[in-house]
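Okay, query_1.tsv is below, TSV, C-alpha atoms:
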chain	number	residue	atom	x	y	z
S	1454	MET	CA	87.04	91.35	28.65
S	1455	TYR	CA	84.18	91.86	31.07
S	1456	ASP	CA	86.32	93.68	33.63
S	1457	GLU	CA	87.51	96.29	31.16
S	1458	PRO	CA	87.14	99.75	32.78
S	1459	GLN	CA	84.68	102.30	31.41
S	1460	ARG	CA	85.96	104.80	28.90
S	1461	PRO	CA	86.85	108.18	30.41
S	1462	ASP	CA	84.75	110.21	27.96
S	1463	HIS	CA	81.53	110.04	29.96
S	1464	GLY	CA	80.56	110.51	33.59
S	1465	PRO	CA	79.08	107.99	36.02
S	1466	LEU	CA	75.56	109.28	35.32
S	1467	ALA	CA	75.81	109.14	31.53
S	1468	GLY	CA	72.74	107.49	30.06
S	1469	PHE	CA	70.54	108.37	33.03
S	1470	THR	CA	67.84	111.06	33.27
S	1471	VAL	CA	67.30	112.79	36.61
S	1472	GLY	CA	64.35	114.98	37.55
S	1473	VAL	CA	65.05	118.10	39.63
S	1474	THR	CA	62.13	119.52	41.64
S	1475	ALA	CA	64.08	122.30	43.37
S	1476	ALA	CA	63.14	125.95	42.97
S	1477	ARG	CA	66.11	127.33	44.88
S	1478	ARG	CA	69.65	126.26	43.80
S	1479	ALA	CA	68.17	124.26	40.92
S	1480	ASP	CA	70.85	125.55	38.53
S	1481	GLU	CA	73.59	124.41	40.90
S	1482	LEU	CA	72.10	120.94	41.32
S	1483	GLY	CA	71.45	120.61	37.59
S	1484	ALA	CA	75.03	121.60	36.77
S	1485	LEU	CA	76.42	119.04	39.23
S	1486	LEU	CA	74.33	116.30	37.61
S	1487	GLN	CA	75.18	117.32	34.05
S	1488	ARG	CA	78.89	117.45	34.80
S	1489	ARG	CA	78.62	113.78	35.72
S	1490	GLY	CA	76.85	112.95	32.48
S	1491	ALA	CA	73.17	112.97	33.45
S	1492	ALA	CA	70.36	114.40	31.37
S	1493	VAL	CA	68.31	116.71	33.60
S	1494	LEU	CA	64.58	117.38	33.53
S	1495	HIS	CA	63.94	120.50	35.62
S	1496	ALA	CA	60.46	121.02	37.00
S	1497	PRO	CA	60.32	123.42	39.98
S	1498	ALA	CA	57.50	122.08	42.13
S	1499	LEU	CA	57.24	125.36	44.05
S	1500	ARG	CA	57.89	129.06	43.77
S	1501	ILE	CA	59.20	131.28	46.51
S	1502	VAL	CA	57.28	134.34	47.67
S	1503	PRO	CA	59.64	137.34	47.31
S	1504	LEU	CA	60.56	138.47	50.82
S	1505	ALA	CA	59.95	142.13	50.09
S	1506	ASP	CA	56.33	141.29	49.17
S	1507	ASP	CA	55.71	138.97	52.12
S	1508	SER	CA	53.20	140.59	54.45
S	1509	GLU	CA	53.45	137.72	56.97
S	1510	LEU	CA	57.21	138.19	57.35
S	1511	LEU	CA	56.76	141.96	57.74
S	1512	ALA	CA	54.15	141.44	60.47
S	1513	ALA	CA	56.39	138.96	62.35
S	1514	THR	CA	59.38	141.33	62.10
S	1515	LYS	CA	57.39	144.24	63.51
S	1516	GLU	CA	56.11	142.02	66.32
S	1517	ILE	CA	59.68	141.09	67.30
S	1518	ILE	CA	60.81	144.74	67.20
S	1519	GLN	CA	57.90	145.76	69.40
S	1520	GLN	CA	58.43	142.95	71.90
S	1521	ALA	CA	61.82	141.23	71.98
S	1522	PRO	CA	61.96	137.46	72.34
S	1523	ASP	CA	64.11	135.86	75.01
S	1524	ILE	CA	65.58	133.41	72.49
S	1525	ALA	CA	65.87	133.39	68.70
S	1526	VAL	CA	66.53	130.23	66.69
S	1527	ALA	CA	68.12	130.77	63.26
S	1528	THR	CA	67.79	127.77	60.94
S	1529	THR	CA	69.29	128.68	57.53
S	1530	ALA	CA	71.91	131.16	56.36
S	1531	ILE	CA	70.02	132.22	53.24
S	1532	GLY	CA	66.88	132.67	55.29
S	1533	PHE	CA	68.55	134.75	57.97
S	1534	ARG	CA	70.33	136.95	55.42
S	1535	GLY	CA	67.12	137.35	53.47
S	1536	TRP	CA	65.23	138.35	56.60
S	1537	VAL	CA	67.74	141.06	57.47
S	1538	SER	CA	67.82	142.25	53.85
S	1539	ALA	CA	64.03	142.42	53.65
S	1540	ALA	CA	63.91	144.37	56.93
S	1541	ASP	CA	66.45	146.83	55.47
S	1542	GLY	CA	64.20	147.25	52.45
S	1543	TRP	CA	61.28	148.07	54.71
S	1544	GLY	CA	63.41	150.62	56.57
S	1545	ILE	CA	63.42	148.68	59.84
S	1546	GLY	CA	66.65	146.69	59.47
S	1547	GLU	CA	68.56	148.58	62.16
S	1548	ASP	CA	65.61	148.29	64.53
S	1549	LEU	CA	65.56	144.52	64.02
S	1550	LEU	CA	69.31	144.10	64.60
S	1551	ALA	CA	69.20	146.35	67.67
S	1552	ARG	CA	66.44	144.21	69.14
S	1553	LEU	CA	68.27	140.92	68.34
S	1554	ARG	CA	71.50	142.14	70.01
S	1555	GLY	CA	69.90	141.62	73.37
S	1556	VAL	CA	68.57	138.15	72.54
S	1557	ARG	CA	70.10	134.71	73.06
S	1558	ILE	CA	70.58	133.38	69.49
S	1559	LEU	CA	70.92	129.68	68.69
S	1560	ALA	CA	72.21	128.77	65.22
S	1561	ARG	CA	71.48	125.41	63.58
S	1562	GLY	CA	74.86	125.12	61.84
S	1563	PRO	CA	78.07	126.82	60.67
S	1564	LYS	CA	76.55	128.51	57.61
S	1565	VAL	CA	73.88	130.27	59.62
S	1566	LYS	CA	76.53	131.16	62.25
S	1567	GLY	CA	78.39	132.99	59.50
S	1568	ALA	CA	75.25	134.85	58.47
S	1569	ILE	CA	74.56	135.89	62.07
S	1570	ARG	CA	78.10	137.22	62.53
S	1571	ALA	CA	78.01	139.00	59.15
S	1572	ALA	CA	75.00	140.91	60.47
S	1573	GLY	CA	77.04	142.07	63.47
S	1574	LEU	CA	75.41	139.65	65.90
S	1575	THR	CA	76.81	136.76	67.94
S	1576	GLU	CA	75.24	133.36	68.45
S	1577	GLU	CA	75.23	131.80	71.90
S	1578	TRP	CA	75.46	128.19	70.73
S	1579	SER	CA	75.32	125.93	67.68
S	1580	PRO	CA	75.18	122.09	67.59
S	1581	ALA	CA	77.99	120.18	65.92
S	1582	SER	CA	75.38	117.89	64.37
S	1583	GLU	CA	73.57	120.76	62.57
S	1584	SER	CA	70.41	119.07	63.84
S	1585	MET	CA	67.25	120.87	64.88
S	1586	ALA	CA	66.55	117.93	67.16
S	1587	GLU	CA	69.69	118.79	69.16
S	1588	VAL	CA	68.64	122.44	69.31
S	1589	LEU	CA	65.26	121.37	70.66
S	1590	ASP	CA	66.82	119.05	73.24
S	1591	ARG	CA	69.03	121.86	74.57
S	1592	LEU	CA	66.14	124.30	74.84
S	1593	LEU	CA	63.92	121.82	76.65
S	1594	GLU	CA	66.71	120.76	79.01
S	1595	GLU	CA	67.35	124.39	79.95
S	1596	GLY	CA	63.60	125.02	80.22
S	1597	VAL	CA	61.47	127.36	78.15
S	1598	ASP	CA	58.46	127.79	80.43
S	1599	GLY	CA	57.35	131.41	80.28
S	1600	LEU	CA	59.93	132.35	77.63
S	1601	ARG	CA	59.24	134.00	74.29
S	1602	VAL	CA	61.02	132.10	71.50
S	1603	ALA	CA	61.33	133.36	67.92
S	1604	VAL	CA	61.89	130.59	65.36
S	1605	GLN	CA	63.04	131.41	61.85
S	1606	LEU	CA	60.95	129.11	59.68
S	1607	HIS	CA	62.40	128.33	56.28
S	1608	GLY	CA	59.68	126.91	54.10
S	1609	GLU	CA	60.10	123.36	55.37
S	1610	PRO	CA	58.23	121.75	58.23
S	1611	LEU	CA	60.00	121.47	61.56
S	1612	PRO	CA	58.14	118.39	62.76
S	1613	GLY	CA	57.30	118.65	66.44
S	1614	PHE	CA	59.71	121.53	67.04
S	1615	VAL	CA	57.24	124.36	67.58
S	1616	GLU	CA	54.72	122.03	69.24
S	1617	ALA	CA	57.34	120.76	71.71
S	1618	LEU	CA	58.36	124.29	72.66
S	1619	ARG	CA	54.75	125.27	73.27
S	1620	ALA	CA	54.19	122.11	75.28
S	1621	GLY	CA	57.19	123.18	77.38
S	1622	GLY	CA	55.44	126.45	78.19
S	1623	ALA	CA	57.07	128.75	75.63
S	1624	GLU	CA	55.37	131.45	73.60
S	1625	VAL	CA	56.56	130.81	70.04
S	1626	VAL	CA	56.77	133.49	67.37
S	1627	GLY	CA	57.23	132.02	63.91
S	1628	VAL	CA	59.26	134.05	61.41
S	1629	PRO	CA	58.17	132.71	57.99
S	1630	VAL	CA	61.23	133.41	55.85
S	1631	TYR	CA	60.60	132.55	52.19
S	1632	ARG	CA	57.24	130.88	51.94
S	1633	TRP	CA	56.34	128.43	49.19
S	1634	LEU	CA	53.44	128.50	46.74
S	1635	PRO	CA	52.63	126.21	43.79
S	1636	PRO	CA	54.42	127.18	40.57
S	1637	GLU	CA	52.63	129.59	38.26
S	1638	ASP	CA	53.46	127.37	35.26
S	1639	LEU	CA	52.45	123.77	35.98
S	1640	GLY	CA	53.62	122.51	32.57
S	1641	PRO	CA	57.11	121.40	33.68
S	1642	VAL	CA	55.68	119.65	36.75
S	1643	ASP	CA	53.15	117.80	34.62
S	1644	ARG	CA	55.88	116.75	32.19
S	1645	LEU	CA	57.97	115.42	35.08
S	1646	LEU	CA	54.98	113.46	36.41
S	1647	ASP	CA	54.28	112.02	32.95
S	1648	ALA	CA	57.96	111.05	32.59
S	1649	THR	CA	57.84	109.38	36.01
S	1650	VAL	CA	54.80	107.32	35.08
S	1651	ALA	CA	56.36	106.42	31.71
S	1652	ARG	CA	59.61	105.40	33.47
S	1653	THR	CA	61.66	107.65	31.19
S	1654	LEU	CA	63.19	109.10	34.36
S	1655	ASP	CA	65.70	107.13	36.39
S	1656	ALA	CA	65.58	109.28	39.53
S	1657	VAL	CA	63.82	112.32	40.99
S	1658	THR	CA	65.65	114.57	43.44
S	1659	PHE	CA	64.00	116.43	46.28
S	1660	THR	CA	65.72	119.20	48.24
S	1661	SER	CA	62.75	120.36	50.31
S	1662	ALA	CA	59.77	118.71	51.93
S	1663	PRO	CA	57.32	121.25	50.46
S	1664	ALA	CA	58.52	120.37	46.94
S	1665	ALA	CA	57.90	116.68	47.58
S	1666	ALA	CA	54.45	117.41	49.03
S	1667	SER	CA	53.61	119.75	46.15
S	1668	LEU	CA	54.59	117.19	43.50
S	1669	LEU	CA	52.46	114.48	45.10
S	1670	SER	CA	49.56	116.91	45.49
S	1671	ARG	CA	49.71	117.74	41.78
S	1672	ALA	CA	49.81	114.04	40.93
S	1673	GLU	CA	46.71	113.49	43.06
S	1674	HIS	CA	44.94	116.43	41.41
S	1675	ARG	CA	45.60	114.87	37.99
S	1676	GLY	CA	44.48	111.41	39.10
S	1677	LEU	CA	48.01	110.04	38.72
S	1678	LEU	CA	48.97	109.54	42.34
S	1679	ASP	CA	48.78	105.73	42.38
S	1680	GLU	CA	50.78	105.48	39.15
S	1681	VAL	CA	53.41	107.94	40.38
S	1682	LEU	CA	53.75	106.12	43.71
S	1683	ALA	CA	54.09	102.80	41.87
S	1684	ALA	CA	56.87	104.22	39.68
S	1685	LEU	CA	58.70	105.75	42.65
S	1686	SER	CA	58.38	102.47	44.53
S	1687	HIS	CA	60.05	100.30	41.90
S	1688	ASP	CA	61.54	101.95	38.83
S	1689	VAL	CA	62.26	105.64	39.49
S	1690	LEU	CA	64.57	106.32	42.42
S	1691	PRO	CA	63.44	109.09	44.81
S	1692	ALA	CA	66.55	110.77	46.26
S	1693	CYS	CA	66.23	113.30	49.08
S	1694	VAL	CA	68.81	115.70	50.45
S	1695	GLY	CA	67.99	114.97	54.10
S	1696	PRO	CA	65.64	113.50	56.71
S	1697	VAL	CA	63.20	116.42	56.79
S	1698	THR	CA	62.78	116.43	53.02
S	1699	VAL	CA	61.84	112.76	53.02
S	1700	LEU	CA	58.81	113.09	55.33
S	1701	PRO	CA	56.03	113.64	52.72
S	1702	LEU	CA	57.33	110.68	50.72
S	1703	GLN	CA	57.59	108.43	53.76
S	1704	ALA	CA	54.03	109.37	54.66
S	1705	ARG	CA	52.98	107.78	51.33
S	1706	GLY	CA	54.93	104.61	52.12
S	1707	LEU	CA	57.87	105.32	49.81
S	1708	ASP	CA	61.43	104.23	50.50
S	1709	THR	CA	64.03	106.81	49.53
S	1710	VAL	CA	67.78	107.26	49.57
S	1711	GLN	CA	69.60	110.18	51.19
S	1712	PRO	CA	73.28	111.05	51.75
S	1713	ASP	CA	75.00	111.02	55.12
S	1714	ARG	CA	75.75	114.74	54.74
S	1715	PHE	CA	72.72	116.81	53.86
S	1716	ARG	CA	74.22	118.79	50.97
S	1717	LEU	CA	73.79	118.89	47.20
S	1718	GLY	CA	77.27	117.51	46.46
S	1719	PRO	CA	76.80	114.35	48.56
S	1720	LEU	CA	73.31	113.92	47.06
S	1721	VAL	CA	74.80	113.86	43.56
S	1722	GLN	CA	77.57	111.50	44.65
S	1723	LEU	CA	74.94	109.17	46.08
S	1724	LEU	CA	73.19	109.07	42.71
S	1725	CYS	CA	76.54	108.34	41.06
S	1726	GLN	CA	76.66	105.18	43.18
S	1727	GLU	CA	73.00	104.16	43.18
S	1728	LEU	CA	71.99	104.51	39.54
S	1729	PRO	CA	74.87	102.55	37.95
S	1730	ALA	CA	74.37	99.87	40.60
S	1731	ARG	CA	70.72	99.52	39.53
S	1732	ALA	CA	71.58	99.18	35.81
S	1733	ARG	CA	71.26	95.72	34.22
S	1734	SER	CA	74.59	94.34	33.00
S	1735	LEU	CA	74.74	91.23	30.78
S	1736	PRO	CA	77.43	89.27	28.89
S	1737	VAL	CA	76.13	89.28	25.31
S	1738	ALA	CA	77.86	88.05	22.15
S	1739	GLY	CA	81.32	88.42	23.68
S	1740	HIS	CA	80.59	91.95	24.91
S	1741	GLN	CA	79.45	93.44	28.18
S	1742	LEU	CA	76.09	95.20	27.74
S	1743	GLU	CA	74.86	97.57	30.44
S	1744	ILE	CA	71.35	98.96	30.05
S	1745	ARG	CA	70.79	102.47	31.39
S	1746	GLY	CA	67.85	104.85	31.20
S	1747	HIS	CA	68.24	106.28	27.69
S	1748	ALA	CA	71.49	104.65	26.61
S	1749	ALA	CA	73.53	101.48	26.76
S	1750	LEU	CA	77.16	100.86	27.55
S	1751	VAL	CA	78.79	98.36	25.21
S	1752	ASP	CA	82.17	97.41	26.68
S	1753	GLY	CA	82.17	100.76	28.43
S	1754	ASP	CA	81.33	102.81	25.32
S	1755	LEU	CA	78.23	104.98	25.75
S	1756	ARG	CA	75.65	104.33	23.03
S	1757	PRO	CA	72.56	106.61	23.12
S	1758	VAL	CA	69.43	104.68	22.11
S	1759	PRO	CA	66.11	106.16	20.89
S	1760	PRO	CA	63.06	105.63	23.14
S	1761	ALA	CA	61.49	102.90	20.97
S	1762	GLY	CA	64.80	101.05	20.92
S	1763	MET	CA	65.11	101.25	24.69
S	1764	SER	CA	61.62	99.74	25.01
S	1765	LEU	CA	62.69	96.80	22.87
S	1766	LEU	CA	66.02	96.39	24.65
S	1767	ARG	CA	64.38	96.31	28.07
S	1768	ALA	CA	61.83	93.77	26.87
S	1769	LEU	CA	64.60	91.50	25.58
S	1770	ALA	CA	66.61	91.93	28.80
S	1771	ARG	CA	63.75	90.87	31.06
S	1772	ARG	CA	64.45	87.27	30.03
S	1773	PRO	CA	67.92	87.40	28.49
S	1774	GLY	CA	68.58	84.69	25.96
S	1775	TRP	CA	64.88	83.88	25.53
S	1776	VAL	CA	63.05	84.58	22.29
S	1777	VAL	CA	60.53	87.42	22.46
S	1778	SER	CA	57.89	87.42	19.74
S	1779	ARG	CA	57.25	90.38	17.47
S	1780	ALA	CA	53.73	90.62	18.87
S	1781	ASP	CA	55.06	90.93	22.43
S	1782	LEU	CA	57.67	93.46	21.36
S	1783	LEU	CA	55.02	95.46	19.50
S	1784	ARG	CA	53.09	95.87	22.74
S	1785	THR	CA	56.13	97.55	24.33
S	1786	LEU	CA	56.30	100.25	21.64
S	1787	PRO	CA	54.34	103.38	22.54
S	1788	GLY	CA	51.72	104.21	19.92
S	1789	ALA	CA	52.90	101.48	17.55
S	1790	GLY	CA	49.43	100.23	16.59
S	1791	ARG	CA	49.11	96.73	15.13
S	1792	ASP	CA	51.73	96.73	12.37
S	1793	GLU	CA	54.62	94.44	13.31
S	1794	HIS	CA	56.71	96.24	10.72
S	1795	ALA	CA	57.14	98.91	13.42
S	1796	VAL	CA	59.11	96.34	15.43
S	1797	GLU	CA	61.44	95.65	12.50
S	1798	THR	CA	62.03	99.37	11.98
S	1799	ALA	CA	62.70	100.03	15.67
S	1800	MET	CA	64.92	96.95	15.88
S	1801	ALA	CA	67.04	98.12	12.95
S	1802	ARG	CA	67.52	101.48	14.64
S	1803	LEU	CA	68.35	99.78	17.93
S	1804	ARG	CA	71.03	97.61	16.35
S	1805	ASN	CA	72.49	100.63	14.61
S	1806	ALA	CA	72.52	102.59	17.89
S	1807	LEU	CA	74.28	99.77	19.73
S	1808	GLY	CA	76.94	99.64	17.03
S	1809	THR	CA	77.20	95.87	17.38
S	1810	PRO	CA	74.36	94.15	15.48
S	1811	ARG	CA	75.35	90.69	16.76
S	1812	LEU	CA	74.08	91.57	20.26
S	1813	ILE	CA	70.52	90.84	19.11
S	1814	GLN	CA	69.70	87.72	17.12
S	1815	THR	CA	66.78	87.31	14.76
S	1816	VAL	CA	65.04	83.96	15.25
S	1817	VAL	CA	63.24	83.23	12.01
S	1818	LYS	CA	59.44	83.20	12.27
S	1819	ARG	CA	59.64	83.55	16.05
S	1820	GLY	CA	61.11	86.90	17.06
S	1821	TYR	CA	64.31	88.22	18.60
S	1822	ARG	CA	66.62	87.38	21.49
S	1823	LEU	CA	69.66	88.84	23.21
S	1824	ALA	CA	72.66	86.72	22.17
S	1825	LEU	CA	73.51	85.81	25.75
S	1826	ASP	CA	76.94	84.19	26.11
S	1827	PRO	CA	76.72	80.41	26.55
S	1828	HIS	CA	78.36	80.38	29.98
S	1829	ALA	CA	75.64	82.76	31.23
S	1830	GLU	CA	72.70	80.78	29.85
S	1831	ALA	CA	72.22	78.71	33.00
S	1832	LYS	CA	72.40	81.75	35.25
S	1833	TYR	CA	69.58	83.54	33.42
S	1834	ALA	CA	67.51	80.52	32.42
S	1835	ASP	CA	64.84	81.24	35.02
S	1836	ALA	CA	65.24	85.04	35.06
If you took the structure in this file and wrote it as structure tokens, what would it be?
Amino acid sequence: MYDEPQRPDHGPLAGFTVGVTAARRADELGALLQRRGAAVLHAPALRIVPLADDSELLAATKEIIQQAPDIAVATTAIGFRGWVSAADGWGIGEDLLARLRGVRILARGPKVKGAIRAAGLTEEWSPASESMAEVLDRLLEEGVDGLRVAVQLHGEPLPGFVEALRAGGAEVVGVPVYRWLPPEDLGPVDRLLDATVARTLDAVTFTSAPAAASLLSRAEHRGLLDEVLAALSHDVLPACVGPVTVLPLQARGLDTVQPDRFRLGPLVQLLCQELPARARSLPVAGHQLEIRGHAALVDGDLRPVPPAGMSLLRALARRPGWVVSRADLLRTLPGAGRDEHAVETAMARLRNALGTPRLIQTVVKRGYRLALDPHAEAKYADA
């Protein structure tokens, strides 16, 4: 019975809630998560400065047109295309492309190579690893002393990259394609932080280092940083798209997960593995009960559970098979006050949501317990 496969009517992330901090491609990431069953809480931690309004990008573009670099490093396809498009809007697009035609161009990966060629330019080299570290190694091995190097920045830090080039004797011109600012509406970010502290989220995804830094900065501003870090350390999984994105979280001592390939699809697939693996699964009353973020699986059937019911279910599952008093259960209910009748009401709704009332036993004058199967009693006796 316990090895019965899950029903096919829900995805691997059904019953879990995932926070999305992305500003760019948030709809794509949210759709990928929802197609796999997740509930999504979207809270863009940043907003992007429109390129056409970016005075810093305009100044850098004019500087490059006036004095060509020896080398240009292109880091993202969307950034490179946006740069060329913005220059067209300012009436200097042809001047920029003419200047770049005489420049050695290094592309970080295949997507940016495509953007370079679509603009009528040709890259000199691109690393198979798509790694900025490999780009840096090549430049330093060839030598950059006395050279002028333009680096397309893309809103994320390039740790040590610019500093290493300058240490090697290069003059570095930063091209700040799409800069980040805090969101104009902080309400969604605050709701995500509150959900993190309350553990009503199962994971938070990060697709850029600035978004991670911005979220932690907002938590600190609200006096919630310690609580947010505690939640992300133990109960809410921080998932990052790649090694650059993880840096602000690592700086706060957080462990994260990230896919082998730094793309949205692999990030979602990683969550499909990690979150179900973290769910508690117990043999109860002849059924297999799996406890997820806002739902339970009973023999593979998804059973959505209201928040108060989930609080009770988690409290019972902390010591499966043991009796938990009404007073202790009352303390787990948010805003329940002192009336133990609230426990009885929430318990009735929980049993109804699970669809199998026998999973939870009432122990007269003592409280409630999960009806753990006898053969599992010894295993969980000291849980």
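Proximity to Leu1466 of chain S was assessed for S:Gly1746, S:Gly1622, S:Gly1695, S:Pro1773 counting all atoms listed in the file; the smallest distance is recorded for S:Gly1746.
Using all atoms listed in the file, the residues found no farther than 7 Å from segment 1705-1720 of chain S, other than those of its own chain fewer than 2 positions away, are Leu1482, Ser1686, Pro1691, Ala1692, Cys1693, Val1694, Gly1695, Pro1701, Leu1702, Gln1703, Gln1722, Leu1723 and Leu1724 of chain S.
For the pair atom CA of Tyr1631 of chain S and atom CA of Ala1571 of chain S, the separation is 19.8 Å.
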**Request:** Taking (71.1, 146.9, 64.6) in the file's own coordinates, collect the residues within 12 Å, counting all atoms listed in the file, and hand them back as an MDAnalysis selection string.
**Result:** chainID S and resid 1518 1537 1540:1541 1544:1555 1569 1571:1574
Residues as selected, C-alpha atoms, written as a short mmCIF file (atom, residue, chain, number, x, y, z; two decimals), in the frame of the given file, can you do that?
data_model
loop_
_atom_site.label_atom_id
_atom_site.label_comp_id
_atom_site.auth_asym_id
_atom_site.auth_seq_id
_atom_site.Cartn_x
_atom_site.Cartn_y
_atom_site.Cartn_z
CA ILE S 1518 60.81 144.74 67.20
CA VAL S 1537 67.74 141.06 57.47
CA ALA S 1540 63.91 144.37 56.93
CA ASP S 1541 66.45 146.83 55.47
CA GLY S 1544 63.41 150.62 56.57
CA ILE S 1545 63.42 148.68 59.84
CA GLY S 1546 66.65 146.69 59.47
CA GLU S 1547 68.56 148.58 62.16
CA ASP S 1548 65.61 148.29 64.53
CA LEU S 1549 65.56 144.52 64.02
CA LEU S 1550 69.31 144.10 64.60
CA ALA S 1551 69.20 146.35 67.67
CA ARG S 1552 66.44 144.21 69.14
CA LEU S 1553 68.27 140.92 68.34
CA ARG S 1554 71.50 142.14 70.01
CA GLY S 1555 69.90 141.62 73.37
CA ILE S 1569 74.56 135.89 62.07
CA ALA S 1571 78.01 139.00 59.15
CA ALA S 1572 75.00 140.91 60.47
CA GLY S 1573 77.04 142.07 63.47
CA LEU S 1574 75.41 139.65 65.90
#
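Excluding Met1763 of chain S itself and any same-chain residue fewer than 6 positions from it, the protein and nucleic acid residues within 10 Å of it, counting all atoms listed in the file, are Thr1653, Ile1744, Arg1745, Gly1746, His1747, Ala1748, Ala1749, Pro1757, Leu1769, Thr1785, Leu1786, Ala1799, Met1800 and Leu1803 of chain S.
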What are the nearest atom pairs, with distances in Å to one decimal, for all residues of segment 1476-1581 of chain S that come at most 12 Å from segment 1587-1610 of chain S, using all atoms listed in the file, set out by chain and rising residue number as CSV?
residue,atom,partner,partner_atom,distance
S:Ala1476,CA,S:Gly1608,CA,11.7
S:Arg1477,CA,S:Gly1608,CA,11.2
S:Leu1499,CA,S:Gly1608,CA,10.5
S:Arg1500,CA,S:Gly1608,CA,10.7
S:Ile1501,CA,S:Gly1608,CA,8.8
S:Val1502,CA,S:Gly1608,CA,10.1
S:Leu1504,CA,S:His1607,CA,11.7
S:Glu1509,CA,S:Leu1606,CA,11.7
S:Leu1510,CA,S:Gln1605,CA,10.0
S:Ala1513,CA,S:Ala1603,CA,9.3
S:Thr1514,CA,S:Ala1603,CA,10.1
S:Glu1516,CA,S:Ala1603,CA,10.2
S:Ile1517,CA,S:Ala1603,CA,7.9
S:Ile1518,CA,S:Ala1603,CA,11.4
S:Gln1520,CA,S:Arg1601,CA,9.3
S:Ala1521,CA,S:Arg1601,CA,8.0
S:Pro1522,CA,S:Arg1601,CA,4.8
S:Asp1523,CA,S:Arg1601,CA,5.3
S:Ile1524,CA,S:Val1602,CA,4.8
S:Ala1525,CA,S:Ala1603,CA,4.6
S:Val1526,CA,S:Val1604,CA,4.8
S:Ala1527,CA,S:Gln1605,CA,5.3
S:Thr1528,CA,S:Gln1605,CA,6.1
S:Thr1529,CA,S:His1607,CA,7.0
S:Ala1530,CA,S:His1607,CA,9.9
S:Ile1531,CA,S:His1607,CA,9.1
S:Gly1532,CA,S:His1607,CA,6.3
S:Phe1533,CA,S:Gln1605,CA,7.5
S:Arg1534,CA,S:Gln1605,CA,11.2
S:Gly1535,CA,S:His1607,CA,10.6
S:Trp1536,CA,S:Gln1605,CA,9.0
S:Val1537,CA,S:Gln1605,CA,11.6
S:Leu1553,CA,S:Ala1603,CA,10.3
S:Val1556,CA,S:Val1602,CA,9.7
S:Arg1557,CA,S:Val1602,CA,9.6
S:Ile1558,CA,S:Ala1603,CA,9.4
S:Leu1559,CA,S:Val1588,CA,7.6
S:Ala1560,CA,S:Val1588,CA,8.3
S:Arg1561,CA,S:Val1588,CA,7.1
S:Gly1562,CA,S:Val1588,CA,10.1
S:Val1565,CA,S:Gln1605,CA,11.1
S:Glu1577,CA,S:Val1588,CA,11.7
S:Trp1578,CA,S:Val1588,CA,9.0
S:Ser1579,CA,S:Val1588,CA,7.7
S:Pro1580,CA,S:Glu1587,CA,6.6
S:Ala1581,CA,S:Glu1587,CA,9.0
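Of the listed residues (S:Gly1542, S:Glu1673, S:Val1721, S:Ser1661), S:Val1721 comes nearest to Ala1484 of chain S; the distances count all atoms listed in the file.
Between atom CA of Thr1815 of chain S and atom CA of Arg1767 of chain S the interatomic distance comes to 16.2 Å.
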With distances taken over only C-alpha atoms, the candidate from S:Ala1586, S:Val1473, S:Val1689, S:Val1758 nearest Ala1651 of chain S is S:Val1689
